[in-house]
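Undergrad: Below is query-v4.txt; it holds compact mmCIF, C-alpha atoms.
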```
# COMPACT_ATOMS: atom_id res chain seq x y z
CA MET A 1 24.75 -66.96 -116.21
CA LYS A 2 26.80 -70.16 -115.82
CA PRO A 3 30.04 -70.97 -113.95
CA GLU A 4 31.76 -71.42 -117.33
CA ASP A 5 31.14 -67.74 -118.11
CA PHE A 6 34.03 -66.89 -115.76
CA PHE A 7 36.53 -68.44 -118.14
CA LYS A 8 38.16 -67.07 -121.26
CA VAL A 9 38.22 -69.48 -124.16
CA PHE A 10 41.19 -69.22 -126.50
CA LEU A 11 39.82 -69.88 -129.97
CA ASP A 12 43.25 -70.14 -131.59
CA ASP A 13 46.88 -70.55 -130.65
CA HIS A 14 48.17 -67.83 -128.38
CA PRO A 15 51.55 -67.13 -126.74
CA GLY A 16 51.77 -69.16 -123.54
CA VAL A 17 48.69 -71.24 -124.35
CA TRP A 18 49.42 -74.78 -125.46
CA ALA A 19 46.18 -75.60 -127.25
CA SER A 20 43.25 -74.01 -129.02
CA GLY A 21 40.02 -74.17 -127.00
CA LEU A 22 41.76 -73.96 -123.60
CA LYS A 23 39.69 -72.35 -120.83
CA VAL A 24 41.47 -69.88 -118.55
CA PHE A 25 39.90 -68.20 -115.51
CA ASP A 26 39.19 -64.54 -116.28
CA ALA A 27 40.98 -62.92 -113.36
CA ASP A 28 40.44 -59.39 -114.70
CA ALA A 29 36.68 -59.88 -114.83
CA ALA A 30 36.66 -61.38 -111.32
CA GLU A 31 38.64 -58.40 -110.02
CA ARG A 32 36.13 -55.97 -111.53
CA LEU A 33 33.24 -57.86 -109.97
CA ALA A 34 34.97 -57.73 -106.60
CA ARG A 35 35.23 -53.93 -106.83
CA ALA A 36 31.77 -53.09 -108.14
CA ALA A 37 28.81 -54.32 -110.17
CA VAL A 38 29.43 -54.59 -113.91
CA ASP A 39 27.06 -52.72 -116.21
CA GLY A 40 24.65 -55.04 -117.98
CA VAL A 41 25.33 -58.00 -115.66
CA ALA A 42 23.00 -58.46 -112.68
CA ASP A 43 24.72 -59.16 -109.34
CA LEU A 44 22.08 -61.80 -108.64
CA ASP A 45 23.06 -63.74 -111.78
CA VAL A 46 26.75 -63.32 -111.00
CA ALA A 47 26.30 -64.49 -107.40
CA SER A 48 24.41 -67.61 -108.42
CA ALA A 49 26.97 -68.66 -111.03
CA LEU A 50 29.96 -67.75 -108.88
CA THR A 51 28.57 -69.63 -105.87
CA ARG A 52 28.18 -72.77 -107.95
CA LEU A 53 31.66 -72.35 -109.42
CA VAL A 54 33.35 -71.97 -106.02
CA HIS A 55 31.33 -74.85 -104.56
CA ARG A 56 32.29 -77.09 -107.47
CA GLU A 57 35.97 -76.20 -107.27
CA LEU A 58 36.21 -76.76 -103.51
CA GLU A 59 34.35 -80.05 -103.77
CA GLY A 60 36.76 -81.23 -106.47
CA PHE A 61 39.90 -80.13 -104.65
CA GLY A 62 42.07 -83.09 -103.71
CA THR A 63 40.76 -85.22 -106.58
CA SER A 64 43.07 -85.30 -109.58
CA GLY A 65 41.78 -83.32 -112.56
CA SER A 66 38.64 -82.13 -110.78
CA THR A 67 39.45 -78.43 -110.48
CA SER A 68 39.85 -75.69 -113.05
CA LEU A 69 41.34 -73.07 -110.70
CA ASP A 70 44.73 -72.88 -109.04
CA ASP A 71 45.27 -71.51 -105.54
CA ASP A 72 45.36 -67.87 -106.69
CA GLY A 73 42.27 -68.43 -108.82
CA ILE A 74 40.14 -69.87 -106.04
CA ALA A 75 41.31 -67.09 -103.68
CA LEU A 76 40.17 -64.46 -106.19
CA ALA A 77 36.91 -66.30 -106.86
CA LEU A 78 36.16 -66.46 -103.13
CA ARG A 79 36.97 -62.78 -102.68
CA SER A 80 34.72 -61.82 -105.61
CA LEU A 81 31.93 -64.05 -104.31
CA ARG A 82 32.05 -62.47 -100.85
CA ALA A 83 31.93 -58.98 -102.42
CA VAL A 84 29.01 -59.74 -104.75
CA LEU A 85 27.02 -61.42 -101.99
CA ARG A 86 27.70 -58.47 -99.69
CA ARG A 87 26.20 -56.14 -102.32
CA LEU A 88 23.09 -58.32 -102.22
CA GLY A 89 22.95 -58.16 -98.42
CA ILE A 90 24.19 -61.73 -97.87
CA GLU A 91 27.11 -62.27 -95.52
CA PHE A 92 29.38 -65.18 -96.45
CA ARG A 93 32.45 -65.76 -94.27
CA PRO A 94 33.96 -69.22 -94.82
CA PRO A 95 36.89 -70.06 -92.47
CA PHE A 96 39.37 -70.28 -95.36
CA GLN A 97 40.64 -68.10 -98.20
CA ASP A 98 42.10 -70.53 -100.74
CA PHE A 99 42.79 -74.21 -101.36
CA ARG A 100 45.68 -74.33 -98.88
CA SER A 101 43.72 -72.84 -96.00
CA PHE A 102 40.73 -75.03 -96.94
CA HIS A 103 43.01 -78.07 -96.62
CA ASP A 104 44.23 -76.86 -93.22
CA HIS A 105 40.64 -76.27 -92.09
CA TRP A 106 39.40 -79.74 -92.97
CA LYS A 107 42.38 -81.33 -91.18
CA ARG A 108 41.70 -79.32 -88.02
CA ALA A 109 38.00 -80.27 -88.23
CA GLY A 110 38.81 -83.97 -88.47
CA MET A 111 37.69 -84.38 -92.09
CA GLY A 112 41.11 -85.29 -93.45
CA GLY A 113 40.39 -88.90 -94.35
CA SER A 114 36.82 -88.52 -95.56
CA TRP A 115 35.88 -86.97 -98.88
CA GLY A 116 32.22 -87.58 -97.98
CA ALA A 117 32.56 -85.53 -94.80
CA ARG A 118 34.12 -82.64 -96.75
CA ARG A 119 31.35 -82.85 -99.35
CA ASP A 120 28.66 -82.72 -96.64
CA TYR A 121 30.45 -79.80 -94.98
CA LEU A 122 30.50 -77.83 -98.24
CA ARG A 123 26.84 -78.58 -98.88
CA GLU A 124 25.95 -77.20 -95.45
CA LEU A 125 28.15 -74.15 -96.12
CA PHE A 126 26.72 -73.27 -99.53
CA SER A 127 23.11 -74.46 -99.31
CA PRO A 128 21.91 -71.44 -97.26
CA VAL A 129 23.53 -69.09 -99.78
CA LEU A 130 21.97 -70.84 -102.77
CA SER A 131 18.62 -70.99 -101.00
CA ARG A 132 18.75 -67.25 -100.26
CA LEU A 133 19.65 -66.49 -103.87
CA ASP A 134 16.82 -68.69 -105.08
CA ASP A 135 14.40 -66.85 -102.79
CA MET A 136 15.60 -63.52 -104.20
CA GLU A 137 15.18 -64.80 -107.75
CA SER A 138 11.82 -66.50 -107.47
CA GLY A 139 10.32 -65.62 -104.11
CA PRO A 140 7.12 -63.62 -103.64
CA VAL A 141 7.33 -60.01 -104.78
CA THR A 142 4.83 -57.33 -105.59
CA ALA A 143 4.19 -56.61 -109.24
CA ARG A 144 5.91 -53.24 -108.89
CA GLN A 145 9.14 -54.89 -107.73
CA VAL A 146 9.59 -56.83 -110.96
CA ASP A 147 11.76 -55.07 -113.55
CA ASP A 148 9.87 -53.90 -116.60
CA GLY A 149 12.53 -55.21 -118.97
CA ASP A 150 12.28 -54.73 -122.72
CA HIS A 151 9.09 -54.48 -124.74
CA ARG A 152 9.92 -56.72 -127.68
CA ILE A 153 7.05 -59.20 -127.33
CA THR A 154 4.23 -58.14 -129.64
CA GLU A 155 0.54 -58.14 -128.86
CA ILE A 156 0.12 -61.00 -131.34
CA THR A 157 2.61 -63.16 -129.45
CA ARG A 158 1.05 -62.27 -126.10
CA ARG A 159 -2.37 -63.27 -127.43
CA ARG A 160 -1.04 -66.61 -128.69
CA LEU A 161 0.54 -67.32 -125.33
CA ALA A 162 -2.69 -66.41 -123.53
CA GLU A 163 -4.69 -68.70 -125.82
CA GLY A 164 -2.24 -71.49 -125.10
CA PRO A 165 -1.23 -74.51 -127.18
CA PRO A 166 -3.66 -76.46 -129.38
CA PRO A 167 -6.44 -78.40 -127.65
CA ALA A 168 -5.28 -81.04 -125.20
CA SER A 169 -6.41 -83.72 -127.65
CA HIS A 170 -3.37 -82.81 -129.76
CA TYR A 171 -1.21 -83.96 -126.86
CA VAL A 172 -3.07 -87.17 -126.11
CA LYS A 173 -0.86 -90.14 -125.25
CA GLU A 174 -1.45 -93.73 -124.28
CA PHE A 175 -1.20 -94.26 -120.53
CA ASP A 176 -1.80 -97.49 -118.59
CA GLY A 177 -3.82 -98.99 -121.40
CA GLY A 178 -5.98 -95.88 -121.82
CA PHE A 179 -5.48 -92.34 -123.00
CA HIS A 180 -4.18 -89.41 -121.02
CA LEU A 181 -5.44 -85.87 -121.62
CA PRO A 182 -3.02 -83.57 -119.79
CA ASP A 183 -4.02 -80.45 -117.87
CA LEU A 184 -2.30 -77.58 -119.70
CA HIS A 185 -3.63 -74.85 -117.38
CA TRP A 186 -0.93 -72.36 -116.40
CA SER A 187 -1.08 -73.11 -112.66
CA GLY A 188 -0.25 -76.78 -113.22
CA ASP A 189 -0.77 -79.01 -110.18
CA LEU A 190 -1.39 -75.98 -107.93
CA ASP A 191 -4.46 -73.84 -107.58
CA GLU A 192 -4.13 -70.30 -108.92
CA VAL A 193 -3.58 -68.70 -105.52
CA GLN A 194 -0.78 -71.13 -104.71
CA PHE A 195 0.85 -70.57 -108.09
CA LEU A 196 0.66 -66.78 -108.06
CA GLY A 197 1.93 -66.75 -104.48
CA ARG A 198 5.22 -68.09 -105.82
CA LEU A 199 5.70 -64.96 -107.93
CA TYR A 200 3.82 -62.19 -106.12
CA ASP A 201 2.93 -61.16 -102.60
CA LEU A 202 -0.83 -61.41 -103.03
CA ASP A 203 -1.43 -59.79 -99.67
CA LEU A 204 0.11 -56.56 -100.99
CA LEU A 205 -1.87 -56.47 -104.22
CA PRO A 206 -5.35 -54.89 -104.24
CA SER A 207 -8.62 -56.78 -104.55
CA LYS A 208 -11.10 -56.13 -107.36
CA ASP A 209 -13.90 -57.35 -105.11
CA ILE A 210 -14.90 -54.98 -102.28
CA ARG A 211 -15.70 -58.00 -100.12
CA HIS A 212 -12.00 -58.87 -99.94
CA ALA A 213 -9.10 -56.76 -98.72
CA THR A 214 -6.38 -58.12 -101.00
CA ALA A 215 -5.83 -60.07 -104.22
CA ARG A 216 -5.42 -63.29 -102.25
CA GLY A 217 -9.03 -63.31 -101.05
CA ASP A 218 -10.36 -62.02 -104.37
CA ILE A 219 -8.64 -64.69 -106.49
CA GLY A 220 -9.33 -67.42 -103.96
CA GLN A 221 -13.05 -66.64 -104.02
CA HIS A 222 -13.56 -66.19 -107.75
CA ARG A 223 -11.00 -68.54 -109.26
CA VAL A 224 -10.46 -71.32 -106.71
CA THR A 225 -13.85 -71.58 -104.99
CA ASN A 226 -16.24 -70.43 -107.73
CA HIS A 227 -14.00 -70.74 -110.78
CA ASP A 228 -15.54 -67.63 -112.34
CA GLY A 229 -14.35 -66.17 -115.62
CA GLU A 230 -11.95 -67.35 -118.31
CA ASP A 231 -8.74 -69.23 -117.57
CA ASP A 232 -6.63 -66.62 -119.42
CA TRP A 233 -7.75 -63.75 -117.13
CA ILE A 234 -4.23 -63.46 -115.69
CA PHE A 235 -2.76 -62.24 -118.98
CA SER A 236 -4.84 -59.06 -118.99
CA ASP A 237 -5.05 -58.30 -115.26
CA GLU A 238 -3.04 -55.11 -114.78
CA ARG A 239 -2.06 -56.10 -111.22
CA PHE A 240 0.34 -58.70 -112.62
CA GLY A 241 1.68 -56.77 -115.61
CA LEU A 242 1.90 -59.67 -118.07
CA ALA A 243 0.56 -57.43 -120.85
CA ASP A 244 3.11 -54.68 -120.19
CA SER A 245 6.48 -56.27 -119.46
CA ASP A 246 8.54 -58.90 -121.24
CA THR A 247 10.36 -59.76 -118.02
CA ARG A 248 7.17 -60.42 -116.06
CA LEU A 249 5.63 -62.50 -118.83
CA LEU A 250 8.75 -64.60 -119.42
CA ARG A 251 9.22 -65.18 -115.70
CA PHE A 252 5.57 -66.26 -115.48
CA LEU A 253 5.97 -68.73 -118.36
CA ALA A 254 9.15 -70.22 -116.88
CA GLU A 255 7.37 -70.68 -113.54
CA THR A 256 4.59 -72.70 -115.20
CA LEU A 257 7.28 -75.31 -115.97
CA HIS A 258 8.80 -75.42 -112.49
CA PRO A 259 9.00 -78.91 -110.88
CA ALA A 260 7.04 -77.64 -107.86
CA VAL A 261 4.26 -76.52 -110.20
CA ARG A 262 4.06 -79.34 -112.72
CA THR A 263 5.33 -82.89 -112.24
CA ASP A 264 4.43 -84.46 -115.60
CA GLN A 265 7.67 -84.12 -117.55
CA TRP A 266 5.92 -84.97 -120.80
CA VAL A 267 3.61 -81.96 -120.38
CA VAL A 268 6.56 -79.75 -119.40
CA GLU A 269 8.31 -80.67 -122.64
CA ALA A 270 5.17 -80.01 -124.70
CA LEU A 271 4.59 -76.58 -123.13
CA HIS A 272 8.28 -75.69 -123.31
CA SER A 273 8.27 -76.46 -127.02
CA TYR A 274 5.11 -74.40 -127.58
CA TYR A 275 6.48 -71.40 -125.69
CA ASN A 276 9.68 -71.35 -127.72
CA GLN A 277 7.89 -71.84 -131.04
CA THR A 278 5.80 -68.81 -130.16
CA LEU A 279 8.50 -66.57 -128.65
CA ILE A 280 11.15 -67.13 -131.30
CA TYR A 281 9.68 -64.46 -133.59
CA ASP A 282 10.26 -61.82 -130.91
CA GLY A 283 13.77 -62.98 -130.06
CA TYR A 284 13.27 -64.82 -126.76
CA GLU A 285 13.48 -68.41 -125.58
CA ILE A 286 12.78 -70.30 -122.38
CA VAL A 287 15.90 -72.24 -121.36
CA GLN A 288 16.96 -74.57 -118.57
CA VAL A 289 19.04 -72.76 -115.95
CA ASP A 290 19.13 -75.31 -113.12
CA GLU A 291 17.55 -78.52 -111.91
CA ILE A 292 15.82 -79.83 -108.79
CA SER A 293 15.79 -83.57 -108.07
CA GLY A 294 16.61 -84.30 -111.69
CA SER A 295 13.85 -82.04 -113.09
CA PRO A 296 14.70 -78.90 -115.07
CA VAL A 297 14.22 -75.37 -113.76
CA PHE A 298 13.75 -72.74 -116.45
CA GLY A 299 14.58 -69.10 -117.04
CA HIS A 300 14.64 -66.96 -120.16
CA ARG A 301 17.14 -65.25 -122.44
CA ARG A 302 17.33 -63.25 -125.64
CA ILE A 303 18.08 -65.43 -128.63
CA GLY A 304 21.56 -64.54 -129.78
CA GLY A 305 21.59 -61.74 -127.22
CA GLY A 306 24.46 -62.96 -125.06
CA VAL A 307 25.57 -60.33 -122.57
CA SER A 308 24.51 -56.73 -122.89
CA GLY A 309 26.32 -54.53 -125.38
CA ASP A 310 26.65 -54.00 -129.09
CA MET A 311 27.31 -56.86 -131.45
CA LYS A 312 31.05 -56.80 -132.06
CA ASN A 313 32.15 -60.22 -133.25
CA LEU A 314 31.18 -60.33 -136.95
CA ILE A 315 34.51 -61.30 -138.48
CA PHE A 316 34.51 -62.35 -142.13
CA ALA A 317 36.09 -62.34 -145.61
CA SER A 318 39.61 -63.55 -144.81
CA THR A 319 42.08 -63.27 -147.71
CA GLY A 320 45.06 -64.95 -146.07
CA PRO A 321 46.16 -67.00 -143.05
CA LYS A 322 43.36 -67.38 -140.55
CA PRO A 323 43.41 -64.78 -137.78
CA ARG A 324 44.45 -65.45 -134.21
CA ILE A 325 41.43 -64.66 -132.03
CA VAL A 326 41.21 -64.69 -128.24
CA VAL A 327 38.47 -63.80 -125.81
CA GLY A 328 39.74 -60.65 -124.15
CA ASP A 329 36.97 -60.42 -121.56
CA ALA A 330 34.78 -63.44 -120.79
CA ILE A 331 32.15 -61.38 -118.96
CA SER A 332 31.69 -58.71 -121.63
CA ASN A 333 32.33 -61.12 -124.52
CA ASP A 334 35.09 -58.95 -126.01
CA PHE A 335 37.21 -60.60 -128.69
CA VAL A 336 40.71 -59.51 -129.67
CA VAL A 337 42.41 -60.32 -132.99
CA THR A 338 46.12 -60.66 -132.24
CA ARG A 339 47.45 -61.76 -135.62
CA ASN A 340 46.53 -61.31 -139.31
CA ALA A 341 43.95 -58.63 -138.54
CA ASP A 342 44.82 -57.01 -141.89
CA LYS A 343 43.56 -60.12 -143.73
CA ILE A 344 39.99 -59.95 -142.44
CA LEU A 345 37.04 -57.61 -142.21
CA ILE A 346 35.40 -56.81 -138.88
CA TYR A 347 31.92 -55.31 -138.95
CA ASP A 348 31.99 -53.22 -135.80
CA ARG A 349 28.60 -51.52 -135.86
CA PRO A 350 25.61 -52.54 -133.71
CA LEU A 351 23.39 -55.15 -135.32
CA PRO A 352 20.08 -53.60 -136.45
CA ARG A 353 17.15 -54.19 -134.08
CA SER A 354 15.51 -56.30 -136.78
CA ALA A 355 18.56 -58.63 -136.70
CA ALA A 356 18.67 -58.34 -140.52
CA LEU A 357 21.97 -56.94 -141.77
CA THR A 358 21.33 -55.51 -145.23
CA TRP A 359 23.69 -54.85 -148.12
CA ALA A 360 23.01 -51.11 -147.67
CA ASP A 361 24.18 -51.39 -144.02
CA VAL A 362 27.41 -53.06 -145.07
CA VAL A 363 28.03 -50.58 -147.91
CA SER A 364 27.57 -47.68 -145.49
CA TRP A 365 30.03 -49.32 -143.06
CA TRP A 366 32.54 -49.92 -145.90
CA ARG A 367 32.32 -46.26 -146.98
CA ASP A 368 33.24 -45.13 -143.46
CA LYS A 369 35.94 -47.76 -143.02
CA GLU A 370 37.66 -46.87 -146.28
CA LYS A 371 36.96 -43.13 -145.84
CA ILE A 372 35.28 -42.91 -149.24
CA SER A 373 33.84 -39.52 -150.06
CA GLU A 374 30.10 -38.98 -149.98
CA SER A 375 30.41 -37.80 -153.58
CA VAL A 376 31.03 -41.40 -154.65
CA SER A 377 27.79 -43.23 -155.40
CA ASP A 378 26.61 -46.17 -153.30
CA PHE A 379 26.82 -48.30 -156.44
CA ASN A 380 30.52 -47.59 -156.85
CA VAL A 381 31.21 -48.07 -153.14
CA GLY A 382 29.35 -51.36 -153.28
CA SER A 383 31.37 -52.42 -156.32
CA LYS A 384 34.63 -51.85 -154.44
CA LEU A 385 33.29 -53.87 -151.50
CA TRP A 386 32.17 -56.64 -153.87
CA TRP A 387 35.68 -56.98 -155.29
CA ARG A 388 37.12 -57.12 -151.77
CA LEU A 389 34.67 -59.87 -150.82
CA ALA A 390 35.45 -61.76 -154.03
CA LYS A 391 39.09 -62.02 -152.97
CA SER A 392 38.05 -64.03 -149.92
CA VAL A 393 36.45 -66.79 -152.01
CA LYS A 394 39.05 -66.84 -154.77
CA SER A 395 40.75 -70.21 -155.12
CA PRO A 396 42.02 -72.44 -157.96
CA SER A 397 38.68 -74.29 -158.01
CA HIS A 398 36.91 -71.01 -158.81
CA LEU A 399 39.22 -69.93 -161.65
CA VAL A 400 38.27 -70.52 -165.28
CA ARG A 401 40.99 -70.12 -167.91
CA ARG A 402 39.71 -68.16 -170.86
CA ARG A 403 41.09 -68.96 -174.31
```
For the file at hand, write its structure as structure tokens.

TA:
Amino acid sequence: MKPEDFFKVFLDDHPGVWASGLKVFDADAAERLARAAVDGVADLDVASALTRLVHRELEGFGTSGSTSLDDDGIALALRSLRAVLRRLGIEFRPPFQDFRSFHDHWKRAGMGGSWGARRDYLRELFSPVLSRLDDMESGPVTARQVDDGDHRITEITRRRLAEGPPPASHYVKEFDGGFHLPDLHWSGDLDEVQFLGRLYDLDLLPSKDIRHATARGDIGQHRVTNHDGEDDWIFSDERFGLADSDTRLLRFLAETLHPAVRTDQWVVEALHSYYNQTLIYDGYEIVQVDEISGSPVFGHRRIGGGVSGDMKNLIFASTGPKPRIVVGDAISNDFVVTRNADKILIYDRPLPRSAALTWADVVSWWRDKEKISESVSDFNVGSKLWWRLAKSVKSPSHLVRRR
């Protein structure tokens, strides 16, 4: 989730809005988040995005054109942030409630004439929060604490990911007058114990070797000291769940690209490309979600998934003036047609799991929409729909005068 997700975007002219494309803070969504968690949106994601939004707005305050929120907006954003963080067990009590009280605070603290001092103050205020959120997102956990997520990634895809990209020779590049063969191993610049310790608490996972009490000693002995077995062992080891859960596997892949794991940006780009070429068939992609010291930090998302909920924005076949469309809820991605709704068609059924919308699906939807009796054949229903669709493409350039 990004700070921009807290804004509605007006896609067309709207009463009281001077231009198409204007972003307006979604106060209703912020109010809901302040009261309780929103279904389908993780508080951890909300807290991270909202923290960055509030930090950015406060840092820009006092510089012309550098803020997107007014005084009421920042007050609501702060209140929502405190509530979301409280639900995560993080107390956040800044000594101000809005832009005005922030201005008063920095004057009392002697920061009035120094933007740099205010910037440093805000960094000290927000860094512990962001660090705590980062620890919650990527810190050591046991395998059981990681959400199972969906099970869309097929065994074929998992096998391809375990096998890895083509041989390193395919990625050879000239380097300092010679040739560089990169290390594409999943643990990057770390040994396997160090890498896995970033994702799991190895001292809480069992050992498969009776000579060691926990997974830490087991893996250290066999993979770091002796280097026994195949490099892809991790993908089938049930302690780590990469064969059972999309979430665990995707989080693992994203971690292999982390700046603390791998410093060669060229290799990061090559692996990132390979992951996405492999995952695309199952509807996932690895995407940049942050950066550290100029290097990207990655997470994952469903391709075309957006926020949770049924697909509801397939608007097509206009036969008149273009509709007026606004984003009614930026968090839930709800769109509202406020004008010329009678000139368009809106397919309001969930998109099939295969992501392939067939003619039969649309004919069935049209039958229900037009309340056509089941006694009418699909062919005849489809013919009526065809004529309706034809109206949307009818124009003088398509007309042929018959003599």

Undergrad: For a test of reading the model, state the distance in Å between atom CA of A:Ser245 and atom CA of A:Tyr200, rounded to one decimal.

TA: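 So the answer is 14.8 Å.
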
Undergrad: Skip A:Arg93 itself and residues of its chain fewer than 2 positions away, then list as a ChimeraX atom specification all residues within 12 Å of it, counting only C-alpha atoms.

TA: /A:78-79,81-83,85-86,90-91,95-97,125-126,129

Undergrad: Can you pull out every residue within 10 Å of A:Leu345, counting all atoms listed in the file, but drop anything in the same chain fewer than 4 positions away, and send it as a PyMOL selection string?

TA: chain A and resi 314-319+341+366+369+388-389

Undergrad: Which of these residues is nearest to A:Ala162, using only C-alpha atoms: A:Arg100, A:His185, A:His227, A:Arg367?

TA: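 Once distances to A:Ala162 are computed over only C-alpha atoms, the minimum belongs to A:His185.
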
Undergrad: Put a box with edges along x, y and z around all the listed atoms of stretch 271-278 of chain A, pad it by 6 Å on each side, then give me its centre and sizes in Å, one decimal, as lines of an AutoDock Vina configuration file.

TA:
```
center_x = 7.1
center_y = -72.7
center_z = -127.1
size_x = 17.1
size_y = 19.8
size_z = 19.9
```

Undergrad: So which residues touch A:Leu122 within 10 Å, counting all atoms listed in the file, skipping near sequence neighbours fewer than 6 positions away, as a list in words?

TA: His55, Arg56, Leu58, Glu59, Pro94 and Gly116 of chain A

Undergrad: Take atom CA of A:Gly241 and atom CA of A:Leu257 and report the distance between them in Å, one decimal.

TA: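 Spanning atom CA of A:Gly241 to atom CA of A:Leu257 is a straight-line distance of 19.4 Å.
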
Undergrad: Calculated over all atoms listed in the file, which of the candidates A:Thr157, A:Ser236, A:Ser101, A:Ser80 has the smallest distance to A:Tyr281?

TA: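 Among the listed residues, the smallest separation from A:Tyr281 belongs to A:Thr157.
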
Undergrad: Provide the atom CA of A:Ala29 to atom CA of A:Gly73 distance in Å, to one decimal place.

TA: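 Answer for the atom CA of A:Ala29 to atom CA of A:Gly73 separation: 11.9 Å.
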
Undergrad: Nearest to A:Arg123 among A:Asn380, A:Ser392, A:Thr51, A:Gln288, with distances taken over all atoms listed in the file: which residue is it?

TA: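 Comparing A:Asn380, A:Ser392, A:Thr51, A:Gln288 against A:Arg123, the winner is A:Thr51.
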
Undergrad: Which residue is closest to A:Ala75? Choose from A:Val289, A:Val363, A:Ala30, A:Ala37 and count all atoms listed in the file.

TA: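 Among the listed residues, the smallest separation from A:Ala75 belongs to A:Ala30.
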
Undergrad: Take the point (7.0, -65.2, -127.8) as written in the file and pick out every residue within 10 Å of it, counting only C-alpha atoms; give the list as a ChimeraX atom specification.

TA: /A:152-161,246,249-250,274-286

Undergrad: Go ahead and save the picked residues with C-alpha atoms, as a PDB file, in the coordinates of the input.

TA:
```pdb
ATOM      1  CA  ARG A 152       9.920 -56.720-127.680  1.00  0.00           C
ATOM      2  CA  ILE A 153       7.050 -59.200-127.330  1.00  0.00           C
ATOM      3  CA  THR A 154       4.230 -58.140-129.640  1.00  0.00           C
ATOM      4  CA  GLU A 155       0.540 -58.140-128.860  1.00  0.00           C
ATOM      5  CA  ILE A 156       0.120 -61.000-131.340  1.00  0.00           C
ATOM      6  CA  THR A 157       2.610 -63.160-129.450  1.00  0.00           C
ATOM      7  CA  ARG A 158       1.050 -62.270-126.100  1.00  0.00           C
ATOM      8  CA  ARG A 159      -2.370 -63.270-127.430  1.00  0.00           C
ATOM      9  CA  ARG A 160      -1.040 -66.610-128.690  1.00  0.00           C
ATOM     10  CA  LEU A 161       0.540 -67.320-125.330  1.00  0.00           C
ATOM     11  CA  ASP A 246       8.540 -58.900-121.240  1.00  0.00           C
ATOM     12  CA  LEU A 249       5.630 -62.500-118.830  1.00  0.00           C
ATOM     13  CA  LEU A 250       8.750 -64.600-119.420  1.00  0.00           C
ATOM     14  CA  TYR A 274       5.110 -74.400-127.580  1.00  0.00           C
ATOM     15  CA  TYR A 275       6.480 -71.400-125.690  1.00  0.00           C
ATOM     16  CA  ASN A 276       9.680 -71.350-127.720  1.00  0.00           C
ATOM     17  CA  GLN A 277       7.890 -71.840-131.040  1.00  0.00           C
ATOM     18  CA  THR A 278       5.800 -68.810-130.160  1.00  0.00           C
ATOM     19  CA  LEU A 279       8.500 -66.570-128.650  1.00  0.00           C
ATOM     20  CA  ILE A 280      11.150 -67.130-131.300  1.00  0.00           C
ATOM     21  CA  TYR A 281       9.680 -64.460-133.590  1.00  0.00           C
ATOM     22  CA  ASP A 282      10.260 -61.820-130.910  1.00  0.00           C
ATOM     23  CA  GLY A 283      13.770 -62.980-130.060  1.00  0.00           C
ATOM     24  CA  TYR A 284      13.270 -64.820-126.760  1.00  0.00           C
ATOM     25  CA  GLU A 285      13.480 -68.410-125.580  1.00  0.00           C
ATOM     26  CA  ILE A 286      12.780 -70.300-122.380  1.00  0.00           C
TER      27      ILE A 286
END
```

Undergrad: Do a neighbour search on A:Asp378 at 12 Å with only C-alpha atoms, toss out local chain neighbours closer than 6 positions, and write the hits as number ranges by chain.

TA: A: 359-368, 372, 384-386

Undergrad: Looking at all atoms listed in the file, which of A:Arg198, A:Arg216, A:Arg239, A:Lys371 is the one that sits closest to A:Glu255?

TA: A:Arg198

Undergrad: Please determine, counting only C-alpha atoms, which residue among A:His258, A:Arg32, A:His222, A:Lys107 has the shortest atom-to-atom distance to A:Ile292.

TA: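 Checking each candidate against A:Ile292, we get A:His258 as the closest.
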
Undergrad: For stretch 93-101 of chain A, supply N, CA and C atoms and format the output as a PDB file, in the coordinates of the input.

TA:
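Saved as part.pdb:
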```
ATOM      1  N   ARG A  93      31.115 -65.830 -94.867  1.00  0.00           N
ATOM      2  CA  ARG A  93      32.450 -65.760 -94.270  1.00  0.00           C
ATOM      3  C   ARG A  93      32.976 -67.173 -94.005  1.00  0.00           C
ATOM      4  N   PRO A  94      33.394 -67.880 -95.041  1.00  0.00           N
ATOM      5  CA  PRO A  94      33.960 -69.220 -94.820  1.00  0.00           C
ATOM      6  C   PRO A  94      35.284 -69.117 -94.072  1.00  0.00           C
ATOM      7  N   PRO A  95      35.649 -70.111 -93.275  1.00  0.00           N
ATOM      8  CA  PRO A  95      36.890 -70.060 -92.470  1.00  0.00           C
ATOM      9  C   PRO A  95      38.139 -70.428 -93.271  1.00  0.00           C
ATOM     10  N   PHE A  96      38.195 -70.030 -94.523  1.00  0.00           N
ATOM     11  CA  PHE A  96      39.370 -70.280 -95.360  1.00  0.00           C
ATOM     12  C   PHE A  96      39.347 -69.279 -96.517  1.00  0.00           C
ATOM     13  N   GLN A  97      40.517 -69.088 -97.140  1.00  0.00           N
ATOM     14  CA  GLN A  97      40.640 -68.100 -98.200  1.00  0.00           C
ATOM     15  C   GLN A  97      41.092 -68.688 -99.540  1.00  0.00           C
ATOM     16  N   ASP A  98      41.598 -69.914 -99.522  1.00  0.00           N
ATOM     17  CA  ASP A  98      42.100 -70.530-100.740  1.00  0.00           C
ATOM     18  C   ASP A  98      42.159 -72.039-100.531  1.00  0.00           C
ATOM     19  N   PHE A  99      42.727 -72.749-101.493  1.00  0.00           N
ATOM     20  CA  PHE A  99      42.790 -74.210-101.360  1.00  0.00           C
ATOM     21  C   PHE A  99      43.652 -74.633-100.168  1.00  0.00           C
ATOM     22  N   ARG A 100      44.775 -73.945 -99.968  1.00  0.00           N
ATOM     23  CA  ARG A 100      45.680 -74.330 -98.880  1.00  0.00           C
ATOM     24  C   ARG A 100      45.003 -74.189 -97.519  1.00  0.00           C
ATOM     25  N   SER A 101      44.371 -73.042 -97.301  1.00  0.00           N
ATOM     26  CA  SER A 101      43.720 -72.840 -96.000  1.00  0.00           C
ATOM     27  C   SER A 101      42.470 -73.724 -95.868  1.00  0.00           C
TER      28      SER A 101
END
```
